[in-house]
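The next block holds one structure in the form of structure tokens; read it before the comments.
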Amino acid sequence: GVAGAAGRQRDLLIFAASSLQTALDELAPAIEHATSVRVRVSYAASSALARQIESGAPAGLFLSADLDWMNYLGDRHLIKSGTRVNLLGNTLVLIAPASHAEPLAIVPGFPLARALGTGRLAIAEPAAVPAGKYARAALTSLGVWDSVAAKLAPAENVRAALLFVSRGEAPFGIVYRSDALADRGVAIVGTFPATSHPPIVYPAAVTTAGGADAARVLEFLQTAAAKAVFARQGFLVD
Amino acid sequence: MSVRIDVVHALGQLQLNVSITTSAGLTAVIGPSGAGKTSLLNIVAGVIRPDRGVVRLDDDVLVDTAKGIWRPTHTRRIGYVFQAPRLFPHLTVRRNLGYGRWFSPAVTDPFAFDDVVDLLDLGALLARMPARLSGGEAQRVALGRALLSQPRLLLLDEPLASVDQARRDEVLPYLDRLRAEIRLPTIYVTHTPAEVESRAEQIVAMDRGRVV
Amino acid sequence: MSVRIDVVHALGQLQLNVSITTSAGLTAVIGPSGAGKTSLLNIVAGVIRPDRGVVRLDDDVLVDTAKGIWRPTHTRRIGYVFQAPRLFPHLTVRRNLGYGRWFSPAVTDPFAFDDVVDLLDLGALLARMPARLSGGEAQRVALGRALLSQPRLLLLDEPLASVDQARRDEVLPYLDRLRAEIRLPTIYVTHTPAEVESRAEQIVAMDRGRVV
Amino acid sequence: MTDAAIIALSLKIAVVATVASAPFAMLAALVLARGRFWGRSLLNAIVHLPLVLPPVVTGYALLRVLGRHGPVGALLESTFGVVFAFRWTGAAVAAAVMGFPLMVRAIRLAIESVDRDLEDAAGTLGASPWWTLATVTMPLALPGVLAGMVLGFAKALGEFGATITFVSNIPGETQTLALAIFSLIQTPGSDRAVMRLVGLSVGVSFAALMLSEYLARRVARGRS
Amino acid sequence: MTDAAIIALSLKIAVVATVASAPFAMLAALVLARGRFWGRSLLNAIVHLPLVLPPVVTGYALLRVLGRHGPVGALLESTFGVVFAFRWTGAAVAAAVMGFPLMVRAIRLAIESVDRDLEDAAGTLGASPWWTLATVTMPLALPGVLAGMVLGFAKALGEFGATITFVSNIPGETQTLALAIFSLIQTPGSDRAVMRLVGLSVGVSFAALMLSEYLARRVARGRS
Ligand SMILES: Nc1ncnc2c1ncn2[C@@H]1O[C@H](COP(=O)(O)OP(=O)(O)OP(=O)(O)O)[C@@H](O)[C@H]1O
Ligand SMILES: Nc1ncnc2c1ncn2[C@@H]1O[C@H](COP(=O)(O)OP(=O)(O)OP(=O)(O)O)[C@@H](O)[C@H]1O
Ligand SMILES: [Mg+2]
Ligand SMILES: [Mg+2]
């Protein structure tokens, strides 16, 4: 048994989007200390986790990188809607290999296609992965999507996109600031205005299987102490 | 025991068409290479299903294509020494010899294991794997294996082709004794008519699929 | 041509220890099952590497363990009809027969393909796959295949064991003729001394790994 | 989780997956090698499916069918109390399913190369087809069974997509070496840790391969 | 991309991956089956690596080695002008690498079951070891080569993790069926479209399997 089994009441299984791993792993001891709940975290793609919760996964708390999949669970009454919060935010940045990074002003119609030349723009899969969806929205609102749409290198997730840039395979990439900060092989050459894309939100909620422990942990994640850790990782906290 | 074989079977260009009845004792089948001797034994043993015909051991109908009867090989209790030894490569000589005994129903055992081993001089080979046998040794093991399965009919396809004269002269009288004591009828294919001339109660000469 | 064989080789419990010299013509090797006849041929052909010893064809040293000489099988030009036919199952009879000709250096061809096919009566089988041959047919193809590879020495391991009398009586004189015409020395293993008694210029009797 | 615990869990999952699926793989291989029935091609296609589909799809299908709310999963839970969802047993199921086509192919190939003449010989000695199978065909196909199990085991060690989709990535329960490596790869700056786990994976599989080669050599030696 | 274009690309990648890696797989299988040299166990382990490691790791390794800035990738580009990064050729490389252990195992198993007596016979007829290999051993191992190629092809169709990590998911260039399915499965409410593409995958592989079984039957029939 994972959570909820008799005698192991103080164990909590959290389902969290992969991109939260560094921060949550760092927070785990503090969570245990503050709430006396021992947490175990399963990191995977938000889509996989949401479908697992739908199939009765014993997770008490879900931290998604994606509004759509949280909504998916909400529509099916699989989360306690009262507990849902927008836990974190993030910023979208344009990155280049650290070795030859020159600032590029991100304004409507900025010459990204020309800067790319024959190279490709590494982004997370724009049809499916949240970071890719935001990137596509931002480029569209800035009027440069059409000029780069044929020059994309869509990756499985943000980290893979990051890898393409840090390995120098792609001259530019679009990732979250939190990811860009974590990789010394890349440099941020520009930041997308928050207005250029829908707000980047990491929603969190206690699942219908979750109990008081889950609520307490979620509460802790919203304390200043927790926020400081998230902020240090590059997330936006309010 | 009488064996009745009356079958028609097409083998590539060859049309096998044989009708014979043999009664207890030794039946020799002779004939040139490609005459259909092996195929005939295969039909009796149940390894080949004939296109048409009947195979009977006394009243026991093994094959009757008209009536749709076909007794599977393993229920026929017919010992068969193939033209090649076909030993089980993963079993020692001892276990090859013992393989058929699992299924032999008899309580009394006219073919005592040790007798057969002595007769065929297999004592020194029992622990050997088949890959380490000489050609003649392998063929003797195959013969012993068939004898030890306690068949009610024995089919021998040139069983002594690579067995030396001395041993041949021992084995043939032993087979005679077996036939005499337990009335084990035998069909014996050979290229060396001399081997069986004096013993065979019936000689079937085949050529091009037919009895001539 | 003279063949010098002087080897020692351990085979399980058997210690093969043979020293013979044969000169042009037919050498018969006889002896009971397990005597080491096949192993001897294997050593000459290069299929087995002897523990110690020398094998020479005239001045051509094939094996000399003391000097570290070991000529690989395919460079020896020794035709070998094994105890089992060992036909290539994926090639037709015709291509089995032709297999060795790829490598035969001769310009003149004393073993004309058609002659061999006629002699061994293989004409009707040329398009057949080996799986569809009878035991005797397969052995004839193996013999033809070895002859057609234009060897300078022929090793025959009971090549006529499952060949019928009539054909045997044809093949043996043909082999005589080959030996006479092109001086093809032959080492012939058999259980039927009668087969070679009148022909063999030398008879080597083996038992338990030794010449007796 | 310590490295040792992750390795122990991975080994448990891989061994259980390989051993438990071997009989089914033998059966499927046998039916494909020897059966002459109408649905054979279909069975063949189904066996190959986990290879052909992206692992995520297989994992998703497992979740749907064997999950707590899945038709088979619910049945198993209510009748036998067996739960695969989010348990190590489920990870073993995912690994077994993904390795299945590999095992079946190897075993089938070996069965197909068994000399039918030997089976005929067993028949004339009184062995029924089933007994012949057990005492002649399968022993002779043993190298193929071993090769299949090696492939299945290696696959089980490396399986990632179907496992994480079916039973998630729960430390101590379903987080195998492959999943731990994936998690670490997602974490920037953990190249060192990734290399360490990759090294462990390689070490475990190297040991398994050596063992299998040793067994194969013993089988081969036993026949000469 | 239309479904037809995705299928065409997937087939191209799978066929090229399978055909191009087959000779290497035969060579590796041969060396493993017959070679007696010191590094044999090591080679065996290396061949199995893509099976043992999570596909993402393999993709990552490919990127490091064969990427534009990887040691081999840079060399290939400067000497031959060959680029794998973000090209369909790179997807074929990823598929080939992932399918390699499967091909090698099947071929090796088949080579090991070839009767050595036949090779000896070829030798006495004057065939050198290499010629024997070409005219006896490999033809007799053909069922294994076919089985291996089927496994490799199926794996190439389903390969996902290494491909997307190495050459990304570019429609019309590197987006195979498996990658297209992956994109869809991450999108809520796309079950229908996923089912359609899965159906296509199954159809393609079914056709490939039928073809391979037909070829295998022809080989077998040619020998009886
Ligand atoms: N690999 C091996 N290991 C152990 N013993 C072997 C091996 N090969 C052959 N022998 C044994 O060596 C002896 C000689 O074998 P060989 O095949 O040379 O006999 P042979 O004279 O040809 O007999 P046959 O007339 O029966 O063919 C036999 O007793 C055989 O069992
Ligand atoms: N599967 C088959 N397809 C076609 N022809 C076959 C098949 N099996 C055997 N034959 C042919 O049928 C004929 C009879 O074969 P069989 O094996 O019965 O001969 P045999 O009398 O035993 O000969 P031998 O003394 O040479 O062993 C041969 O010409 C053989 O080539
Ligand atoms: Mg015959
Ligand atoms: Mg011999």
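As shown in the structure tokens, the chain order sets the letters A, B, ...; within each chain, residues go from 1, and ligands are also counted from 1 in the order they appear.
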
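Near ligand 2, at distances of 7 Å or less and with only C-alpha atoms and all ligand atoms counted, sit the residues B:Leu11, B:Gly12, B:Gln13, B:Leu14, B:Gly31, B:Pro32, B:Ser33, B:Gly34, B:Ala35, B:Gly36, B:Lys37, B:Thr38, B:Ser39, B:Leu40, B:Gly209, C:Ala131, C:Arg132, C:Leu133, C:Ser134, C:Gly135, C:Gly136, C:Glu137, C:Ser162, C:Val163, C:Asp164.
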
Taking N, CA and C atoms for each residue, export the selection above as a JSON list (two decimals), in the first residue's frame.
[["chain", "number", "residue", "atom", "x", "y", "z"],
["B", 11, "LEU", "N", 4.85, -39.45, -53.91],
["B", 11, "LEU", "CA", 6.08, -38.84, -53.35],
["B", 11, "LEU", "C", 6.79, -38.14, -54.48],
["B", 12, "GLY", "N", 6.51, -36.86, -54.66],
["B", 12, "GLY", "CA", 7.11, -36.20, -55.82],
["B", 12, "GLY", "C", 6.71, -36.95, -57.08],
["B", 13, "GLN", "N", 7.69, -37.34, -57.88],
["B", 13, "GLN", "CA", 7.36, -38.05, -59.11],
["B", 13, "GLN", "C", 6.96, -39.51, -58.86],
["B", 14, "LEU", "N", 7.40, -40.01, -57.70],
["B", 14, "LEU", "CA", 7.17, -41.43, -57.45],
["B", 14, "LEU", "C", 5.76, -41.70, -56.93],
["B", 31, "GLY", "N", 15.43, -53.76, -52.53],
["B", 31, "GLY", "CA", 15.14, -52.97, -53.73],
["B", 31, "GLY", "C", 16.13, -51.85, -53.85],
["B", 32, "PRO", "N", 16.27, -51.32, -55.05],
["B", 32, "PRO", "CA", 17.29, -50.30, -55.27],
["B", 32, "PRO", "C", 17.00, -49.00, -54.53],
["B", 33, "SER", "N", 18.00, -48.19, -54.46],
["B", 33, "SER", "CA", 17.88, -46.87, -53.86],
["B", 33, "SER", "C", 16.74, -46.10, -54.52],
["B", 34, "GLY", "N", 15.89, -45.50, -53.69],
["B", 34, "GLY", "CA", 14.78, -44.73, -54.23],
["B", 34, "GLY", "C", 13.56, -45.56, -54.58],
["B", 35, "ALA", "N", 13.56, -46.84, -54.22],
["B", 35, "ALA", "CA", 12.43, -47.69, -54.55],
["B", 35, "ALA", "C", 11.18, -47.36, -53.73],
["B", 36, "GLY", "N", 11.37, -46.77, -52.57],
["B", 36, "GLY", "CA", 10.24, -46.46, -51.72],
["B", 36, "GLY", "C", 10.21, -47.28, -50.44],
["B", 37, "LYS", "N", 11.31, -47.90, -50.11],
["B", 37, "LYS", "CA", 11.35, -48.77, -48.94],
["B", 37, "LYS", "C", 11.16, -47.96, -47.65],
["B", 38, "THR", "N", 11.94, -46.90, -47.53],
["B", 38, "THR", "CA", 11.83, -46.08, -46.33],
["B", 38, "THR", "C", 10.44, -45.47, -46.22],
["B", 39, "SER", "N", 9.93, -45.02, -47.33],
["B", 39, "SER", "CA", 8.60, -44.42, -47.30],
["B", 39, "SER", "C", 7.55, -45.41, -46.82],
["B", 40, "LEU", "N", 7.71, -46.67, -47.22],
["B", 40, "LEU", "CA", 6.78, -47.69, -46.78],
["B", 40, "LEU", "C", 6.82, -47.83, -45.26],
["B", 209, "GLY", "N", 8.49, -47.80, -56.39],
["B", 209, "GLY", "CA", 7.25, -47.65, -55.65],
["B", 209, "GLY", "C", 6.35, -48.86, -55.66],
["C", 131, "ALA", "N", 16.34, -32.56, -48.90],
["C", 131, "ALA", "CA", 15.36, -33.11, -47.97],
["C", 131, "ALA", "C", 14.45, -34.13, -48.66],
["C", 132, "ARG", "N", 14.40, -34.09, -49.98],
["C", 132, "ARG", "CA", 13.51, -35.01, -50.70],
["C", 132, "ARG", "C", 14.24, -36.17, -51.34],
["C", 133, "LEU", "N", 15.42, -36.47, -50.84],
["C", 133, "LEU", "CA", 16.15, -37.60, -51.38],
["C", 133, "LEU", "C", 16.02, -38.79, -50.44],
["C", 134, "SER", "N", 16.13, -39.98, -51.00],
["C", 134, "SER", "CA", 16.20, -41.17, -50.14],
["C", 134, "SER", "C", 17.62, -41.28, -49.61],
["C", 135, "GLY", "N", 17.82, -42.16, -48.63],
["C", 135, "GLY", "CA", 19.14, -42.30, -48.03],
["C", 135, "GLY", "C", 20.22, -42.60, -49.04],
["C", 136, "GLY", "N", 19.95, -43.54, -49.92],
["C", 136, "GLY", "CA", 20.95, -43.93, -50.91],
["C", 136, "GLY", "C", 21.19, -42.83, -51.94],
["C", 137, "GLU", "N", 20.13, -42.15, -52.32],
["C", 137, "GLU", "CA", 20.28, -41.05, -53.26],
["C", 137, "GLU", "C", 21.20, -39.97, -52.69],
["C", 162, "SER", "N", 24.73, -47.40, -47.94],
["C", 162, "SER", "CA", 23.30, -47.50, -48.25],
["C", 162, "SER", "C", 23.05, -47.40, -49.76],
["C", 163, "VAL", "N", 24.01, -47.88, -50.50],
["C", 163, "VAL", "CA", 23.82, -47.92, -51.95],
["C", 163, "VAL", "C", 23.60, -49.38, -52.33],
["C", 164, "ASP", "N", 22.65, -49.60, -53.23],
["C", 164, "ASP", "CA", 22.30, -50.99, -53.50],
["C", 164, "ASP", "C", 23.35, -51.70, -54.33]]

Which residues are near Tyr43 of chain A? Cut-off 8 Å, only C-alpha atoms, ignore same chain within fewer than 2 positions. Put them as an NGL selection string. (:A and (15-18 or 21 or 41 or 45)) or (:D and (168-170 or 183))

Excluding Thr163 of chain E and its own-chain neighbours fewer than 6 positions away, which residues fall within 7 Å of it when counting only C-alpha atoms? Please give them as an mmCIF file with N, CA, C and O atoms, in the first residue's frame.
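Contents of result-v8.cif, as written:
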data_model
loop_
_atom_site.group_PDB
_atom_site.id
_atom_site.type_symbol
_atom_site.label_atom_id
_atom_site.label_comp_id
_atom_site.auth_asym_id
_atom_site.auth_seq_id
_atom_site.Cartn_x
_atom_site.Cartn_y
_atom_site.Cartn_z
ATOM 1 N N GLY E 59 19.445 8.273 -26.630
ATOM 2 C CA GLY E 59 19.280 9.452 -27.471
ATOM 3 C C GLY E 59 20.280 10.537 -27.088
ATOM 4 O O GLY E 59 20.888 11.183 -27.946
ATOM 5 N N ALA E 91 17.033 10.092 -37.419
ATOM 6 C CA ALA E 91 15.965 9.244 -36.864
ATOM 7 C C ALA E 91 16.229 7.791 -37.227
ATOM 8 O O ALA E 91 16.011 6.885 -36.407
ATOM 9 N N ALA E 94 18.886 6.483 -34.936
ATOM 10 C CA ALA E 94 18.346 6.181 -33.602
ATOM 11 C C ALA E 94 17.578 4.865 -33.628
ATOM 12 O O ALA E 94 17.751 4.010 -32.754
ATOM 13 N N ALA E 95 16.736 4.696 -34.646
ATOM 14 C CA ALA E 95 15.945 3.461 -34.742
ATOM 15 C C ALA E 95 16.864 2.259 -34.924
ATOM 16 O O ALA E 95 16.642 1.197 -34.325
#

Picked from segment 37-190 of chain B by DSSP as strand (DSSP E), as a CSV table (one decimal) with all heavy atoms, in the first residue's frame:
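Full text of out-v9.csv as output:
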chain,number,residue,atom,x,y,z
B,52,ARG,N,-4.0,-42.8,-49.6
B,52,ARG,CA,-5.1,-43.7,-49.6
B,52,ARG,C,-4.7,-45.0,-49.0
B,52,ARG,O,-3.5,-45.4,-49.3
B,52,ARG,CB,-5.7,-43.9,-51.0
B,52,ARG,CG,-6.7,-42.9,-51.4
B,52,ARG,CD,-7.6,-43.4,-52.6
B,52,ARG,NE,-7.0,-44.3,-53.6
B,52,ARG,CZ,-6.2,-43.9,-54.6
B,52,ARG,NH1,-5.9,-42.6,-54.7
B,52,ARG,NH2,-5.7,-44.8,-55.4
B,53,GLY,N,-5.5,-45.7,-48.4
B,53,GLY,CA,-5.2,-47.1,-48.0
B,53,GLY,C,-5.4,-47.5,-46.6
B,53,GLY,O,-6.1,-46.8,-45.8
B,54,VAL,N,-5.0,-48.7,-46.3
B,54,VAL,CA,-5.2,-49.4,-45.1
B,54,VAL,C,-3.9,-49.9,-44.5
B,54,VAL,O,-3.1,-50.4,-45.3
B,54,VAL,CB,-6.2,-50.6,-45.3
B,54,VAL,CG1,-6.4,-51.3,-44.0
B,54,VAL,CG2,-7.5,-50.1,-45.8
B,55,VAL,N,-3.7,-49.8,-43.2
B,55,VAL,CA,-2.6,-50.5,-42.5
B,55,VAL,C,-3.2,-51.2,-41.3
B,55,VAL,O,-3.9,-50.5,-40.5
B,55,VAL,CB,-1.5,-49.5,-42.1
B,55,VAL,CG1,-0.4,-50.3,-41.3
B,55,VAL,CG2,-0.9,-48.8,-43.3
B,56,ARG,N,-3.0,-52.5,-41.2
B,56,ARG,CA,-3.6,-53.2,-40.1
B,56,ARG,C,-2.6,-54.1,-39.4
B,56,ARG,O,-1.8,-54.7,-40.1
B,56,ARG,CB,-4.7,-54.1,-40.6
B,56,ARG,CG,-6.1,-53.6,-40.1
B,56,ARG,CD,-7.2,-54.6,-40.4
B,56,ARG,NE,-7.3,-54.8,-41.9
B,56,ARG,CZ,-7.4,-56.0,-42.4
B,56,ARG,NH1,-7.4,-57.1,-41.6
B,56,ARG,NH2,-7.5,-56.1,-43.7
B,57,LEU,N,-2.6,-54.2,-38.1
B,57,LEU,CA,-1.9,-55.2,-37.4
B,57,LEU,C,-2.9,-56.2,-36.8
B,57,LEU,O,-3.7,-55.8,-35.9
B,57,LEU,CB,-1.1,-54.6,-36.2
B,57,LEU,CG,0.1,-53.6,-36.5
B,57,LEU,CD1,0.9,-53.5,-35.2
B,57,LEU,CD2,0.9,-54.1,-37.6
B,60,ASP,N,-6.1,-54.8,-35.5
B,60,ASP,CA,-6.0,-53.4,-35.1
B,60,ASP,C,-5.8,-52.5,-36.3
B,60,ASP,O,-4.7,-52.5,-36.9
B,60,ASP,CB,-4.8,-53.4,-34.1
B,60,ASP,CG,-4.6,-52.0,-33.5
B,60,ASP,OD1,-5.5,-51.2,-33.7
B,60,ASP,OD2,-3.7,-51.8,-32.7
B,61,VAL,N,-6.8,-51.7,-36.6
B,61,VAL,CA,-6.7,-50.8,-37.8
B,61,VAL,C,-5.9,-49.6,-37.4
B,61,VAL,O,-6.3,-48.8,-36.6
B,61,VAL,CB,-8.1,-50.5,-38.3
B,61,VAL,CG1,-7.9,-49.6,-39.5
B,61,VAL,CG2,-8.9,-51.7,-38.6
B,62,LEU,N,-4.7,-49.4,-38.0
B,62,LEU,CA,-3.9,-48.2,-37.7
B,62,LEU,C,-4.3,-47.1,-38.7
B,62,LEU,O,-4.3,-45.9,-38.3
B,62,LEU,CB,-2.4,-48.6,-37.9
B,62,LEU,CG,-1.9,-49.7,-37.0
B,62,LEU,CD1,-0.4,-49.8,-37.2
B,62,LEU,CD2,-2.2,-49.3,-35.5
B,63,VAL,N,-4.5,-47.5,-39.9
B,63,VAL,CA,-4.9,-46.5,-40.9
B,63,VAL,C,-6.0,-47.1,-41.8
B,63,VAL,O,-5.9,-48.2,-42.2
B,63,VAL,CB,-3.7,-46.2,-41.9
B,63,VAL,CG1,-4.1,-45.1,-42.9
B,63,VAL,CG2,-2.5,-45.7,-41.1
B,64,ASP,N,-7.0,-46.3,-42.0
B,64,ASP,CA,-8.0,-46.6,-43.0
B,64,ASP,C,-8.5,-45.3,-43.5
B,64,ASP,O,-9.4,-44.7,-42.9
B,64,ASP,CB,-9.1,-47.5,-42.4
B,64,ASP,CG,-10.0,-48.0,-43.5
B,64,ASP,OD1,-10.1,-47.4,-44.6
B,64,ASP,OD2,-10.7,-49.1,-43.3
B,69,ILE,N,-9.8,-43.3,-40.4
B,69,ILE,CA,-9.0,-43.8,-39.2
B,69,ILE,C,-7.6,-43.4,-39.4
B,69,ILE,O,-7.0,-43.8,-40.5
B,69,ILE,CB,-9.2,-45.3,-39.0
B,69,ILE,CG1,-10.7,-45.6,-38.7
B,69,ILE,CG2,-8.3,-45.8,-37.9
B,69,ILE,CD1,-11.0,-47.0,-38.6
B,70,TRP,N,-7.0,-42.8,-38.4
B,70,TRP,CA,-5.5,-42.6,-38.4
B,70,TRP,C,-5.0,-42.6,-37.0
B,70,TRP,O,-5.2,-41.6,-36.3
B,70,TRP,CB,-5.1,-41.3,-39.2
B,70,TRP,CG,-3.7,-41.3,-39.5
B,70,TRP,CD1,-3.1,-42.0,-40.5
B,70,TRP,CD2,-2.6,-40.6,-38.8
B,70,TRP,NE1,-1.7,-41.8,-40.5
B,70,TRP,CE2,-1.4,-41.0,-39.4
B,70,TRP,CE3,-2.6,-39.8,-37.6
B,70,TRP,CZ2,-0.2,-40.5,-39.0
B,70,TRP,CZ3,-1.4,-39.4,-37.2
B,70,TRP,CH2,-0.2,-39.7,-37.9
B,78,ILE,N,5.1,-49.3,-32.4
B,78,ILE,CA,5.9,-49.9,-33.4
B,78,ILE,C,7.3,-49.4,-33.2
B,78,ILE,O,7.5,-48.2,-33.3
B,78,ILE,CB,5.3,-49.5,-34.8
B,78,ILE,CG1,3.9,-50.2,-35.0
B,78,ILE,CG2,6.3,-50.0,-35.9
B,78,ILE,CD1,3.3,-49.8,-36.3
B,79,GLY,N,8.2,-50.3,-33.0
B,79,GLY,CA,9.6,-49.9,-32.9
B,79,GLY,C,10.2,-49.6,-34.3
B,79,GLY,O,9.9,-50.3,-35.2
B,80,TYR,N,11.0,-48.5,-34.4
B,80,TYR,CA,11.4,-48.1,-35.7
B,80,TYR,C,12.9,-47.7,-35.6
B,80,TYR,O,13.2,-46.7,-34.9
B,80,TYR,CB,10.5,-46.9,-36.3
B,80,TYR,CG,10.8,-46.5,-37.7
B,80,TYR,CD1,10.0,-45.5,-38.3
B,80,TYR,CD2,11.7,-47.2,-38.5
B,80,TYR,CE1,10.2,-45.1,-39.6
B,80,TYR,CE2,11.9,-46.8,-39.8
B,80,TYR,CZ,11.1,-45.8,-40.4
B,80,TYR,OH,11.3,-45.4,-41.7
B,81,VAL,N,13.7,-48.4,-36.3
B,81,VAL,CA,15.1,-47.9,-36.4
B,81,VAL,C,15.3,-47.2,-37.7
B,81,VAL,O,15.2,-47.9,-38.8
B,81,VAL,CB,16.1,-49.1,-36.3
B,81,VAL,CG1,17.6,-48.6,-36.4
B,81,VAL,CG2,15.9,-49.8,-34.9
B,153,LEU,N,5.8,-54.5,-33.1
B,153,LEU,CA,6.3,-54.7,-34.5
B,153,LEU,C,7.5,-54.0,-34.6
B,153,LEU,O,7.6,-52.8,-34.0
B,153,LEU,CB,5.2,-54.2,-35.5
B,153,LEU,CG,5.7,-54.1,-36.9
B,153,LEU,CD1,6.0,-55.5,-37.5
B,153,LEU,CD2,4.6,-53.4,-37.8
B,154,LEU,N,8.5,-54.5,-35.2
B,154,LEU,CA,9.8,-53.8,-35.3
B,154,LEU,C,10.1,-53.5,-36.8
B,154,LEU,O,10.0,-54.3,-37.7
B,154,LEU,CB,10.9,-54.7,-34.8
B,154,LEU,CG,12.3,-54.1,-34.5
B,154,LEU,CD1,12.2,-53.0,-33.5
B,154,LEU,CD2,13.2,-55.2,-34.0
B,155,LEU,N,10.4,-52.2,-37.1
B,155,LEU,CA,10.8,-51.8,-38.4
B,155,LEU,C,12.2,-51.4,-38.4
B,155,LEU,O,12.7,-50.6,-37.6
B,155,LEU,CB,10.0,-50.6,-38.8
B,155,LEU,CG,8.4,-50.6,-38.7
B,155,LEU,CD1,7.8,-49.3,-39.1
B,155,LEU,CD2,7.9,-51.8,-39.6
B,156,LEU,N,13.0,-52.1,-39.3
B,156,LEU,CA,14.4,-51.8,-39.3
B,156,LEU,C,14.8,-51.3,-40.7
B,156,LEU,O,14.6,-52.0,-41.7
B,156,LEU,CB,15.2,-53.1,-39.0
B,156,LEU,CG,14.8,-53.8,-37.6
B,156,LEU,CD1,15.6,-55.1,-37.5
B,156,LEU,CD2,15.2,-52.8,-36.5
B,157,ASP,N,15.4,-50.1,-40.8
B,157,ASP,CA,15.7,-49.6,-42.1
B,157,ASP,C,17.3,-49.6,-42.2
B,157,ASP,O,18.0,-48.7,-41.7
B,157,ASP,CB,15.2,-48.1,-42.2
B,157,ASP,CG,15.2,-47.7,-43.6
B,157,ASP,OD1,15.7,-48.4,-44.5
B,157,ASP,OD2,14.7,-46.6,-43.9
B,186,THR,N,9.0,-58.6,-37.6
B,186,THR,CA,10.0,-57.6,-38.0
B,186,THR,C,9.9,-57.3,-39.5
B,186,THR,O,9.8,-58.3,-40.3
B,186,THR,CB,11.4,-58.1,-37.6
B,186,THR,OG1,11.4,-58.3,-36.2
B,186,THR,CG2,12.4,-57.0,-38.0
B,187,ILE,N,10.0,-56.1,-39.9
B,187,ILE,CA,10.1,-55.7,-41.3
B,187,ILE,C,11.5,-55.1,-41.4
B,187,ILE,O,11.8,-54.2,-40.7
B,187,ILE,CB,9.0,-54.8,-41.8
B,187,ILE,CG1,7.6,-55.4,-41.6
B,187,ILE,CG2,9.2,-54.5,-43.3
B,187,ILE,CD1,6.5,-54.5,-42.0
B,188,TYR,N,12.3,-55.7,-42.3
B,188,TYR,CA,13.7,-55.4,-42.4
B,188,TYR,C,14.1,-54.9,-43.8
B,188,TYR,O,14.0,-55.7,-44.7
B,188,TYR,CB,14.4,-56.7,-42.0
B,188,TYR,CG,15.9,-56.6,-41.7
B,188,TYR,CD1,16.3,-56.8,-40.5
B,188,TYR,CD2,16.8,-56.2,-42.7
B,188,TYR,CE1,17.7,-56.8,-40.2
B,188,TYR,CE2,18.1,-56.1,-42.4
B,188,TYR,CZ,18.6,-56.4,-41.2
B,188,TYR,OH,19.9,-56.3,-40.9
B,189,VAL,N,14.5,-53.7,-43.9
B,189,VAL,CA,14.9,-53.1,-45.2
B,189,VAL,C,16.4,-53.3,-45.3
B,189,VAL,O,17.2,-52.9,-44.3
B,189,VAL,CB,14.6,-51.6,-45.3
B,189,VAL,CG1,15.2,-51.0,-46.5
B,189,VAL,CG2,13.1,-51.5,-45.4

What are the residues of chain C lining chain E at 9 Å or less? Count only C-alpha atoms, and put the answer as a PyMOL selection string. chain C and resi 45-47+72-82+86-92+99-104+128-132+145-146+149-151

So which residues touch Leu181 of chain A within 9 Å, counting only C-alpha atoms, skipping near sequence neighbours fewer than 6 positions away, as a list in words? Ala187, Ile188, Gln233 and Gly234 of chain A

Expected file: the selected residues, N, CA, C and O atoms, as a JSON list (two decimals), in the first residue's frame:
[["chain", "number", "residue", "atom", "x", "y", "z"],
["A", 187, "ALA", "N", 22.78, 30.57, -22.03],
["A", 187, "ALA", "CA", 22.62, 31.92, -21.49],
["A", 187, "ALA", "C", 21.29, 32.47, -21.94],
["A", 187, "ALA", "O", 20.81, 32.18, -23.04],
["A", 188, "ILE", "N", 20.69, 33.26, -21.07],
["A", 188, "ILE", "CA", 19.41, 33.89, -21.42],
["A", 188, "ILE", "C", 19.72, 35.12, -22.26],
["A", 188, "ILE", "O", 20.46, 36.00, -21.84],
["A", 233, "GLN", "N", 14.92, 28.81, -7.47],
["A", 233, "GLN", "CA", 15.01, 27.95, -8.66],
["A", 233, "GLN", "C", 14.53, 28.65, -9.92],
["A", 233, "GLN", "O", 14.55, 28.07, -11.00],
["A", 234, "GLY", "N", 14.07, 29.90, -9.76],
["A", 234, "GLY", "CA", 13.67, 30.64, -10.95],
["A", 234, "GLY", "C", 12.17, 30.71, -11.18],
["A", 234, "GLY", "O", 11.71, 31.26, -12.18]]
